[in-house]
Each structure stands twice: as C-alpha cells, then as structure tokens.
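Below is one structure, written out as structure tokens; comments come after it.
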Amino acid sequence: MTLANFDDDPMAEVVVGAMIFDHDGRLIWDAGTNGSGANFGTNSGYSGGIAVVADLDADGTPELISGRNAYQVAWTPASTGVLASATVTPFWVAAGNDGYPAVADLDGDGTPEVVLVASRQVILLNGQTGDLWCVAAGQCSTPLNIPGGASTNRGGPPTIADFDGDGRAEIGVAGGFSYSVYDVYRPGEDLVYPNGDPAPAPGALYVRWSSTTQDTSSNSTGSSVFDFEGDGAAEVVYADECFLRVYSGTNGVLQLQEPSTSATIHEYPLVVDADGDGNSEILLVANDAGAAGNCGAGVPTRRGLFMYGDTNDAWVPTRRVWTQHAYHVTNASSAGNVPLDELPNWLQPRLNNARQNVQGDGVFNAPDVAVDLSVGLASCPDTHQLRARHQPGRAGRVHGGAGPLRAHHGRHGHALGHGGHHHAALAGPVRGGHVRRARARGRPRLSRHRGLRRRGRRRRRRQRVRREQQRERGLRGALRLLRVTHGAPM
C-alpha cells in the first residue's frame with residue numbers, strides 16, 4: 001500500500017498496485033478488472049505490487065509507477081452531487097517483466113530514473129520514456145542478474161542511497177542468497193567491484209559489493225539505510241530468514257549481526273525515533289514459522305515486534321515517522337501526513353534516496369564536532385589558543401556521532417558506542433583588526449600558514465584511515481533490546 005496525494009485536499013489517497021482509492025476507501029480506478037489491478041507490480045509470481053508515486057515529467061502532477069507501468073493521473077475533485085473521479089492514462093510501459101520500482105536521479109541531471117527489480121534482475125529505466133536508461137549516447141545500461149542463481153532469487157524492493165559517499169546514488173537489493181549494492185559506471189566513477197567480476201563498460205550497471213544471506217522463503221525482502229554515527233558513511237540495515245545485519249555501505253563489511261527469525265514476505269527493518277528520546281532505534285518484526293528448518297538449532301526462534309537502540313543512547317537523531325513501504329522522506333511530513341504538494345525527492349539537498357531516513361534537516365548532520373568560534377581581538381596577545389569539547393548529545397543538543405565502529409559481544413549482540421572528545425581549535429597566530437570566525441568540522445582548520453595546513457591535512461588523512469580501519473573491525477558498545485511487542489525475546 002502506498003499513500004499519495006493526487007487531489008487538492010490534505011487527505012491522502014491510497015494506491016494498491018495499479019488501483020487508486022479515495023481517502024474514504026472508495027475505489028477510484030483499477031487498471032485491471034475486479035480488483036486485479038492490485039497485482040500489477042507482481043515480481044516473478046509473488047503476488048502484490050509496491051507502487052511508487054513521483055512526478056516523472058516535471059509537470060507538477062505526480063505519476064503512479066506500479067512497476068513496469070507508469071500512469072498519468074488527472075484528478076477531478078468532487079462537486080455538489082458529484083463524487084471525485086480520476087482519469088488515468090498510460091504514460092509508458094517498459095519492456096520485460098514486472099516488479100518493484102523506486103525513483104531517483106542516477107546521473108545528477110535533475111530528471112528522475114526508475115529502478116526496477118524484476119524476476120532476479122535489476123533494471124534501470126528512463127523515467128520519462130520507460131526505455132532502458134543511458135548515461136550518455138551509446139552508454140546504456142542492460143538488466144543485471146542478482147547474484148545467487150536463477151531459482152528462489154526474485155529480488156526485493158530496491159533501496160537507493162549514496163552508499164559509498166561519492167555524492168551519487170547507488171542501489172541496494174536483497175535476493176535469495178545475497179545482499180548486493182549496485183553502482184553505475186558514470187563519468188568520473190571510482191570503479192569498485194568484486195574480484196573475478198568483469199570490468200563494467202561505460203554506462204553499465206555493476207555489482208559494487210555482495211554479501212551472502214539466506215532468504216528462500218520469499219526472496220523479496222527490502223532493506224533500509226541509515227548513518228548511525230553521523231560521519232557521512234551510511235550503513236545498510238537488512239534482515240533475512242535468520243539474522244538482522246548491519247553492513248558498511250561502502251564495502252559491505254559486516255558491522256552487526258543479531259539472530260532474528262522470519263519466514264519472510266516483503267518486510268524490512270526500519271530506522272526511526274520510535275520512543276521519542278531524540279535518538280534513532282531499529283524496529284524489526286520476527287516470526288517463528290519454519291525457523292527451525294531454515295536456520296537450524298544454533299539460531300533461537302522468536303516472534304513479535306522488536307525495538308533496538310544503543311546502550312548509551314548514542315545513535316544520532318532521526319525522524320519519528322516512517323509511514324509506508326515506499327517511504328522516501330518527502331512523501332511524509334514530520335507529523336506523518338502526506339504533503340499536499342510533494343517536493344521531488346531527487347532535487348532536495350542530501351536526499352535523492354528511497355527507504356533511507358534522515359537526521360534532522362539532512363542525511364548526515366552529525367559531524368565529529370561542528371562549532372562556531374569567534375574571538376574579539378581588542379587588547380589581545382599575538383597568539384591565542386581555543387579548545388573545544390564535545391560530549392554525547394541528546395535531542396536539541398550538539399550530536400558528535402558515535403565514534404568508531406567496533407564489535408563487542410553482549411547479551412543482545414553488537415551495536416554502536418559513543419565517547420566525548422577534546423580537540424584543539426584555532427591554535428596559532430590571531431590576526432588583529434577584526435573578528436576571526438572558524439568552523440570546526442571534525443579536525444578544525446588550525447592556521448592560515450602553509451606548514452600548519454599541510455600538517456592538518458596529514459592528520460585528517462590519518463584520521464580517515466583510522467576511522468576506516470576501526471569501521472572494518474565492527475561495532476562498539478552493546479545493543480540494547482528496548483521493547484518487545486506480542487512476542488518473546490531470545
């Protein structure tokens with residue numbers, strides 16, 4: 001079910017596959033007959049679609065993308081004695097199989113593309129025509145098979161985010177045997193792909209990294225993305241039949257693994273401020289259907305809704321809403337309502353994503369430290385030094401991120417930690433005659449002098465290397481099971 005607004009009132013319409021219902025539940029349009037429109041978007045025989053609503057042609061009116069079909073919707077509001085209605089016409093039909101769509105701008109030109117996961121393939125479509133997407137003339141993508149084989153590997157709804165920190169969108173998809181992040185060979189792309197894979201051609205879709213998982217139940221689960229530390233490196237949150245896992249978005253290194261059983265359908269973990277404490281939590285559903293056979297005796301079975309948080313409440317803040325399967329930030333207000341006129345997600349700063357939540361007013365808003373410092377220089381000495389201290393924050397305070405990621409075995413698995421830090425800021429000469437202002441972000445700029453700048457750059461490089469090494473060693477702290485609903489913990 002997808003929530004959107006096609007008319008001029010604040011109440012949302014409901015989209016199920018290629019069907020539209022008014023806010024009162026009245027059927028407005030069905031692309032099929034007798035309710036069969038609900039099956040548009042079915043992936044490889046697994047009934048039921050997960051539609052997306054987005055303004056593909058920039059005419060100010062959103063289109064409905066059920067999968068390989070896109071429709072234009074012209075709404076006629078209700079008048080005296082006449083109920084509301086809609087005229088729905090085909091916008092395009094893509095060749096090939098049906099499946100799960102998502103929308104993002106893959107080449108940064110301001111126009112959206114459609115990512116389609118259909119019958120064990122990831123497909124990139126031109127959002128305005130439905131044709132295979134081309135990054136440039138003669139550099140066109142072709143459908144790419146999901147790693148793991150031809151059977152029980154249909155693929156789940158795509159997640160879109162900047163996984164590798166290059167400022168461009170990548171794609172995450174779960175199959176029956178792997179979770180993989182896909183990249184596109186665009187101009188200036190830093191090519192990273194698994195050993196043994198052929199080098200991609202310009203314009204091609206290729207696997208950036210892939211990690212073994214297990215989902216032979218539905219092989220159509222989704223995933224979410226979140227930067228728990230606020231350091232600009234997003235993590236992938238995914239659950240298969242036997243485990244909840246968190247991966248580094250950059251290289252797929254496993255950061256967290258927690259036993260959790262499910263005979264899967266379309267579900268995926270959510271990252272949201274579920275208890276209103278100003279920190280993010282993970283919400284996860286579990287069930288014990290077939291768990292003993294799927295996972296073996298080494299994985300305890302469980303069922304219910306589980307909420308996890310960091311032991312020290314150090315995960316950075318996020319929104320308190322995640323309203324639908326096709327969530328992409330701009331389709332929900334902070335109160336959880338559907339906007340009357342939704343902004344194009346792909347044009348908003350730090351968005352251009354799908355199934356990724358944000359932190360405050362942006363995707364990465366928790367640097368190591370962000371402080372404005374000012375010095376009045378009346379009767380000041382020739383040199384001066386300021387020191388800045390930051391501590392773990394809560395909602396409404398400065399959040400400094402959770403520190404490096406390290407593995408720690410606790411009762412409930414692994415998680416992120418947090419610590420306070422001291423940094424020297426503005427060490428060096430202070431110019432007279434006016435007020436100097438500096439912004440410390442991570443390691444601050446220490447001086448205008450060339451030698452100190454070089455040393456600062458070297459320190460920042462060493463710091464980046466250390467962070468990456470620490471990140472590859474896993475998560476720090478202890479994951480805390482906060483709440484269980486209608487179930488039992490392990």
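Numbering starts fresh at 1 for the residues of each chain in the structure tokens, the chains themselves are lettered A, B, ... in the order given, and ligands are numbered from 1 as they appear.
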
Polymer residues at most 7 Å from stretch 319-330 of chain A, only C-alpha atoms, same-chain spacing of 6 or more positions, as an MDAnalysis selection string: chainID A and resid 2 52 272:274 276 336 342:343 345 353:360

Written selection (N, CA, C and O atoms) as a short mmCIF file (atom, residue, chain, number, x, y, z; two decimals), in the first residue's frame:
data_model
loop_
_atom_site.label_atom_id
_atom_site.label_comp_id
_atom_site.auth_asym_id
_atom_site.auth_seq_id
_atom_site.Cartn_x
_atom_site.Cartn_y
_atom_site.Cartn_z
N THR A 2 0.53 2.19 -0.86
CA THR A 2 1.28 3.44 -0.98
C THR A 2 0.32 4.61 -0.75
O THR A 2 -0.81 4.59 -1.23
N VAL A 52 5.05 3.24 -6.49
CA VAL A 52 5.71 4.50 -6.13
C VAL A 52 4.98 5.62 -6.85
O VAL A 52 4.52 5.46 -7.99
N VAL A 272 14.10 4.61 12.99
CA VAL A 272 13.19 5.70 13.33
C VAL A 272 13.35 6.01 14.81
O VAL A 272 13.80 5.15 15.59
N ASP A 273 13.02 7.22 15.22
CA ASP A 273 12.99 7.55 16.65
C ASP A 273 11.65 7.06 17.19
O ASP A 273 10.67 7.80 17.26
N ALA A 274 11.62 5.79 17.58
CA ALA A 274 10.36 5.15 17.92
C ALA A 274 9.84 5.53 19.29
O ALA A 274 8.63 5.45 19.54
N GLY A 276 10.73 8.56 20.92
CA GLY A 276 10.74 9.99 21.14
C GLY A 276 11.84 10.49 22.06
O GLY A 276 11.70 11.56 22.65
N GLY A 336 3.81 12.89 9.97
CA GLY A 336 3.37 11.65 9.37
C GLY A 336 2.30 11.80 8.32
O GLY A 336 1.75 10.80 7.84
N GLU A 342 3.97 17.27 -2.89
CA GLU A 342 5.24 16.67 -2.51
C GLU A 342 6.40 17.24 -3.32
O GLU A 342 6.32 17.37 -4.55
N LEU A 343 7.49 17.59 -2.64
CA LEU A 343 8.70 18.03 -3.33
C LEU A 343 9.39 16.84 -3.98
O LEU A 343 9.39 15.73 -3.42
N ASN A 345 11.91 14.30 -4.42
CA ASN A 345 12.96 13.84 -3.51
C ASN A 345 14.34 14.01 -4.12
O ASN A 345 15.30 14.40 -3.44
N ASN A 353 16.98 9.63 -2.60
CA ASN A 353 17.08 8.32 -1.98
C ASN A 353 15.71 7.67 -1.88
O ASN A 353 14.68 8.28 -2.16
N ALA A 354 15.70 6.43 -1.47
CA ALA A 354 14.48 5.68 -1.21
C ALA A 354 14.74 4.69 -0.09
O ALA A 354 15.77 3.99 -0.11
N ARG A 355 13.85 4.64 0.89
CA ARG A 355 13.98 3.77 2.06
C ARG A 355 15.22 4.11 2.88
O ARG A 355 15.88 3.24 3.42
N GLN A 356 15.51 5.39 2.97
CA GLN A 356 16.56 5.90 3.84
C GLN A 356 15.97 7.02 4.68
O GLN A 356 15.34 7.93 4.15
N ASN A 357 16.17 6.96 6.00
CA ASN A 357 15.70 8.04 6.84
C ASN A 357 16.78 9.09 7.01
O ASN A 357 17.96 8.85 6.72
N VAL A 358 16.38 10.27 7.48
CA VAL A 358 17.30 11.39 7.60
C VAL A 358 17.53 11.72 9.06
O VAL A 358 16.81 11.28 9.96
N GLN A 359 18.54 12.53 9.28
CA GLN A 359 18.88 13.00 10.62
C GLN A 359 18.65 14.50 10.68
O GLN A 359 19.35 15.25 10.02
N GLY A 360 17.66 14.91 11.42
CA GLY A 360 17.36 16.33 11.50
C GLY A 360 16.94 16.87 10.15
O GLY A 360 16.05 16.34 9.51
#

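Using only C-alpha atoms, the contacts of A:Val122 at a cut-off of 10 Å, with sequence neighbours closer than 4 positions omitted, comprise A:Gly99, A:Tyr100, A:Pro101, A:Val115, A:Leu116, A:Val117, A:Ala118, A:Thr142, A:Pro143, A:Leu144, A:Asn145, A:Ile146, A:Arg154, A:Gly155, A:Gly156, A:Pro158, A:Ile171, A:Gly172, A:Val173, A:Tyr182, A:Leu205, A:Tyr206.
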
Can those selected residues be exported to a file as an mmCIF file, in the first residue's frame so that it contains N, CA and C atoms?
data_model
loop_
_atom_site.group_PDB
_atom_site.id
_atom_site.type_symbol
_atom_site.label_atom_id
_atom_site.label_comp_id
_atom_site.auth_asym_id
_atom_site.auth_seq_id
_atom_site.Cartn_x
_atom_site.Cartn_y
_atom_site.Cartn_z
ATOM 1 N N GLY A 99 7.735 -5.839 -11.695
ATOM 2 C CA GLY A 99 8.457 -5.953 -10.436
ATOM 3 C C GLY A 99 8.297 -4.720 -9.577
ATOM 4 N N TYR A 100 9.267 -4.513 -8.681
ATOM 5 C CA TYR A 100 9.214 -3.462 -7.676
ATOM 6 C C TYR A 100 10.004 -2.237 -8.135
ATOM 7 N N PRO A 101 9.384 -1.041 -8.131
ATOM 8 C CA PRO A 101 10.074 0.164 -8.584
ATOM 9 C C PRO A 101 10.586 1.034 -7.437
ATOM 10 N N VAL A 115 14.284 2.626 -10.999
ATOM 11 C CA VAL A 115 14.982 1.370 -10.755
ATOM 12 C C VAL A 115 13.927 0.292 -10.564
ATOM 13 N N LEU A 116 14.013 -0.779 -11.334
ATOM 14 C CA LEU A 116 13.027 -1.853 -11.293
ATOM 15 C C LEU A 116 13.725 -3.165 -10.951
ATOM 16 N N VAL A 117 13.234 -3.846 -9.927
ATOM 17 C CA VAL A 117 13.714 -5.187 -9.587
ATOM 18 C C VAL A 117 12.644 -6.165 -10.051
ATOM 19 N N ALA A 118 12.994 -7.001 -11.010
ATOM 20 C CA ALA A 118 12.001 -7.861 -11.647
ATOM 21 C C ALA A 118 12.633 -9.186 -12.041
ATOM 22 N N THR A 142 22.101 -2.320 -19.179
ATOM 23 C CA THR A 142 21.324 -3.503 -19.503
ATOM 24 C C THR A 142 20.943 -4.196 -18.191
ATOM 25 N N PRO A 143 19.848 -4.953 -18.174
ATOM 26 C CA PRO A 143 19.456 -5.642 -16.946
ATOM 27 C C PRO A 143 20.584 -6.516 -16.408
ATOM 28 N N LEU A 144 20.742 -6.511 -15.089
ATOM 29 C CA LEU A 144 21.831 -7.252 -14.448
ATOM 30 C C LEU A 144 21.234 -8.276 -13.494
ATOM 31 N N ASN A 145 21.713 -9.521 -13.598
ATOM 32 C CA ASN A 145 21.212 -10.585 -12.734
ATOM 33 C C ASN A 145 21.645 -10.378 -11.289
ATOM 34 N N ILE A 146 20.751 -10.699 -10.367
ATOM 35 C CA ILE A 146 21.068 -10.669 -8.948
ATOM 36 C C ILE A 146 21.956 -11.868 -8.633
ATOM 37 N N ARG A 154 14.220 -13.954 -6.709
ATOM 38 C CA ARG A 154 13.486 -12.941 -7.474
ATOM 39 C C ARG A 154 13.973 -11.525 -7.181
ATOM 40 N N GLY A 155 14.360 -11.220 -5.934
ATOM 41 C CA GLY A 155 14.815 -9.880 -5.579
ATOM 42 C C GLY A 155 13.723 -9.062 -4.923
ATOM 43 N N GLY A 156 14.110 -8.273 -3.923
ATOM 44 C CA GLY A 156 13.157 -7.453 -3.187
ATOM 45 C C GLY A 156 13.143 -6.009 -3.648
ATOM 46 N N PRO A 158 13.905 -2.215 -4.196
ATOM 47 C CA PRO A 158 15.227 -1.567 -4.136
ATOM 48 C C PRO A 158 15.285 -0.446 -3.111
ATOM 49 N N ILE A 171 22.366 1.576 -5.487
ATOM 50 C CA ILE A 171 21.149 0.778 -5.323
ATOM 51 C C ILE A 171 21.469 -0.457 -4.481
ATOM 52 N N GLY A 172 20.643 -0.727 -3.484
ATOM 53 C CA GLY A 172 20.776 -1.931 -2.674
ATOM 54 C C GLY A 172 19.594 -2.855 -2.899
ATOM 55 N N VAL A 173 19.875 -4.143 -3.137
ATOM 56 C CA VAL A 173 18.817 -5.120 -3.409
ATOM 57 C C VAL A 173 19.156 -6.433 -2.711
ATOM 58 N N TYR A 182 24.650 -2.045 -5.916
ATOM 59 C CA TYR A 182 24.937 -1.879 -7.341
ATOM 60 C C TYR A 182 25.323 -0.427 -7.613
ATOM 61 N N LEU A 205 25.465 -1.027 -15.438
ATOM 62 C CA LEU A 205 25.162 -1.329 -14.044
ATOM 63 C C LEU A 205 26.046 -2.491 -13.613
ATOM 64 N N TYR A 206 26.635 -2.415 -12.424
ATOM 65 C CA TYR A 206 27.511 -3.490 -11.965
ATOM 66 C C TYR A 206 27.412 -3.623 -10.447
#

Kindly provide the residues of stretch 270-375 of chain A that approach stretch 7-31 of chain A to within 9 Å, each paired with its closest atom pair and their distance in Å to one decimal, based on only C-alpha atoms, listed by chain and increasing number, as JSON lines.
{"residue": "A:Asn337", "atom": "CA", "partner": "A:Ala12", "partner_atom": "CA", "distance": 8.0}
{"residue": "A:Val338", "atom": "CA", "partner": "A:Ala12", "partner_atom": "CA", "distance": 6.1}
{"residue": "A:Pro339", "atom": "CA", "partner": "A:Pro10", "partner_atom": "CA", "distance": 7.2}
{"residue": "A:Leu340", "atom": "CA", "partner": "A:Pro10", "partner_atom": "CA", "distance": 5.4}
{"residue": "A:Asp341", "atom": "CA", "partner": "A:Asp8", "partner_atom": "CA", "distance": 8.7}

Would you save the residues of that selection, restricted to C-alpha atoms, as a PDB file, in the first residue's frame?
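Saved the output as selection33.pdb:
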ATOM      1  CA  ASN A 337       0.963  13.254   6.907  1.00  0.00           C
ATOM      2  CA  VAL A 338       1.177  13.062   3.135  1.00  0.00           C
ATOM      3  CA  PRO A 339       2.117  16.529   1.762  1.00  0.00           C
ATOM      4  CA  LEU A 340      -0.435  18.341  -0.346  1.00  0.00           C
ATOM      5  CA  ASP A 341       2.304  19.000  -2.917  1.00  0.00           C
TER       6      ASP A 341
END

Counting only C-alpha atoms, give me one row per residue of stretch 257-310 of chain A with an atom at most 12 Å from an atom of stretch 208-216 of chain A, showing the shortest contact pair and its distance in Å to one decimal, sorted by chain then residue number, as CSV.
residue,atom,partner,partner_atom,distance
A:Gln257,CA,A:Thr213,CA,11.6
A:Thr261,CA,A:Asp215,CA,10.7
A:Ser262,CA,A:Asp215,CA,9.1
A:Ala263,CA,A:Asp215,CA,8.2
A:Thr264,CA,A:Asp215,CA,7.2
A:Ile265,CA,A:Asp215,CA,9.7
A:His266,CA,A:Asp215,CA,11.1
A:Glu267,CA,A:Asp215,CA,11.7
A:Gly290,CA,A:Thr216,CA,11.1
A:Ala291,CA,A:Asp215,CA,11.4
A:Gly293,CA,A:Thr216,CA,11.5
A:Asn294,CA,A:Thr216,CA,8.5
A:Cys295,CA,A:Gln214,CA,9.0

Same residues, all heavy atoms, output as an mmCIF file, in the first residue's frame:
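Written output follows (result_15.cif):
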data_model
loop_
_atom_site.group_PDB
_atom_site.id
_atom_site.type_symbol
_atom_site.label_atom_id
_atom_site.label_comp_id
_atom_site.auth_asym_id
_atom_site.auth_seq_id
_atom_site.Cartn_x
_atom_site.Cartn_y
_atom_site.Cartn_z
ATOM 1 N N GLN A 257 25.545 -8.304 13.737
ATOM 2 C CA GLN A 257 24.736 -9.477 13.412
ATOM 3 C C GLN A 257 23.994 -9.921 14.660
ATOM 4 O O GLN A 257 24.598 -10.162 15.699
ATOM 5 C CB GLN A 257 25.598 -10.611 12.882
ATOM 6 C CG GLN A 257 24.792 -11.856 12.508
ATOM 7 C CD GLN A 257 25.604 -12.870 11.727
ATOM 8 O OE1 GLN A 257 25.846 -12.676 10.535
ATOM 9 N NE2 GLN A 257 26.032 -13.928 12.383
ATOM 10 N N THR A 261 14.538 -14.485 13.519
ATOM 11 C CA THR A 261 13.963 -15.437 12.576
ATOM 12 C C THR A 261 12.727 -14.870 11.896
ATOM 13 O O THR A 261 11.952 -14.113 12.484
ATOM 14 C CB THR A 261 13.588 -16.744 13.291
ATOM 15 O OG1 THR A 261 12.715 -16.452 14.393
ATOM 16 C CG2 THR A 261 14.830 -17.442 13.823
ATOM 17 N N SER A 262 12.530 -15.266 10.629
ATOM 18 C CA SER A 262 11.354 -14.836 9.880
ATOM 19 C C SER A 262 11.182 -15.704 8.637
ATOM 20 O O SER A 262 12.138 -15.949 7.906
ATOM 21 C CB SER A 262 11.487 -13.372 9.445
ATOM 22 O OG SER A 262 10.391 -12.992 8.629
ATOM 23 N N ALA A 263 9.962 -16.181 8.422
ATOM 24 C CA ALA A 263 9.579 -16.707 7.114
ATOM 25 C C ALA A 263 9.106 -15.486 6.328
ATOM 26 O O ALA A 263 7.980 -15.037 6.445
ATOM 27 C CB ALA A 263 8.479 -17.745 7.247
ATOM 28 N N THR A 264 9.955 -14.926 5.552
ATOM 29 C CA THR A 264 9.838 -13.554 5.074
ATOM 30 C C THR A 264 8.688 -13.341 4.092
ATOM 31 O O THR A 264 8.215 -14.276 3.439
ATOM 32 C CB THR A 264 11.151 -13.134 4.394
ATOM 33 O OG1 THR A 264 11.358 -13.988 3.261
ATOM 34 C CG2 THR A 264 12.324 -13.276 5.345
ATOM 35 N N ILE A 265 8.295 -12.065 3.979
ATOM 36 C CA ILE A 265 7.383 -11.622 2.908
ATOM 37 C C ILE A 265 8.071 -10.438 2.227
ATOM 38 O O ILE A 265 9.051 -10.620 1.531
ATOM 39 C CB ILE A 265 5.989 -11.272 3.458
ATOM 40 C CG1 ILE A 265 5.426 -12.472 4.264
ATOM 41 C CG2 ILE A 265 5.028 -10.939 2.323
ATOM 42 C CD1 ILE A 265 4.061 -12.223 4.870
ATOM 43 N N HIS A 266 7.583 -9.216 2.465
ATOM 44 C CA HIS A 266 8.197 -8.017 1.892
ATOM 45 C C HIS A 266 8.870 -7.165 2.965
ATOM 46 O O HIS A 266 9.289 -6.047 2.688
ATOM 47 C CB HIS A 266 7.152 -7.135 1.200
ATOM 48 C CG HIS A 266 6.540 -7.736 -0.025
ATOM 49 N ND1 HIS A 266 7.279 -8.314 -1.026
ATOM 50 C CD2 HIS A 266 5.243 -7.813 -0.414
ATOM 51 C CE1 HIS A 266 6.460 -8.738 -1.972
ATOM 52 N NE2 HIS A 266 5.228 -8.449 -1.629
ATOM 53 N N GLU A 267 8.955 -7.642 4.199
ATOM 54 C CA GLU A 267 9.325 -6.771 5.307
ATOM 55 C C GLU A 267 10.780 -6.312 5.236
ATOM 56 O O GLU A 267 11.599 -6.909 4.553
ATOM 57 C CB GLU A 267 9.070 -7.473 6.650
ATOM 58 C CG GLU A 267 10.100 -8.522 7.021
ATOM 59 C CD GLU A 267 9.710 -9.916 6.569
ATOM 60 O OE1 GLU A 267 8.872 -10.041 5.648
ATOM 61 O OE2 GLU A 267 10.238 -10.887 7.127
ATOM 62 N N GLY A 290 8.668 -21.912 10.308
ATOM 63 C CA GLY A 290 9.732 -22.591 9.576
ATOM 64 C C GLY A 290 11.125 -22.289 10.050
ATOM 65 O O GLY A 290 12.099 -22.646 9.386
ATOM 66 N N ALA A 291 11.250 -21.619 11.194
ATOM 67 C CA ALA A 291 12.570 -21.145 11.624
ATOM 68 C C ALA A 291 13.525 -22.289 11.918
ATOM 69 O O ALA A 291 14.720 -22.208 11.601
ATOM 70 C CB ALA A 291 12.429 -20.247 12.846
ATOM 71 N N GLY A 293 13.737 -25.256 10.603
ATOM 72 C CA GLY A 293 14.275 -25.821 9.376
ATOM 73 C C GLY A 293 15.134 -24.850 8.601
ATOM 74 O O GLY A 293 16.131 -25.237 7.984
ATOM 75 N N ASN A 294 14.770 -23.574 8.621
ATOM 76 C CA ASN A 294 15.520 -22.575 7.855
ATOM 77 C C ASN A 294 16.870 -22.249 8.473
ATOM 78 O O ASN A 294 17.855 -22.048 7.767
ATOM 79 C CB ASN A 294 14.706 -21.285 7.726
ATOM 80 C CG ASN A 294 13.501 -21.430 6.833
ATOM 81 O OD1 ASN A 294 13.468 -22.296 5.958
ATOM 82 N ND2 ASN A 294 12.494 -20.594 7.052
ATOM 83 N N CYS A 295 16.905 -22.159 9.815
ATOM 84 C CA CYS A 295 18.078 -21.595 10.479
ATOM 85 C C CYS A 295 18.859 -22.601 11.318
ATOM 86 O O CYS A 295 20.002 -22.332 11.686
ATOM 87 C CB CYS A 295 17.655 -20.422 11.366
ATOM 88 S SG CYS A 295 16.753 -19.129 10.488
#

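Atom to atom, atom CA of A:Arg168 and atom CA of A:Trp346 stand 10.7 Å apart.
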
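Across the structure, atom CA of A:Ala201 and atom CA of A:Leu124 are spaced 15.1 Å apart.
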
Stretch 65-75 of chain A surroundings by only C-alpha atoms, 8 Å radius, close-in-sequence under 3 positions cut, as number ranges by chain: A: 6-7, 17-18, 40-41, 49-54, 61-62, 84-101, 116, 130
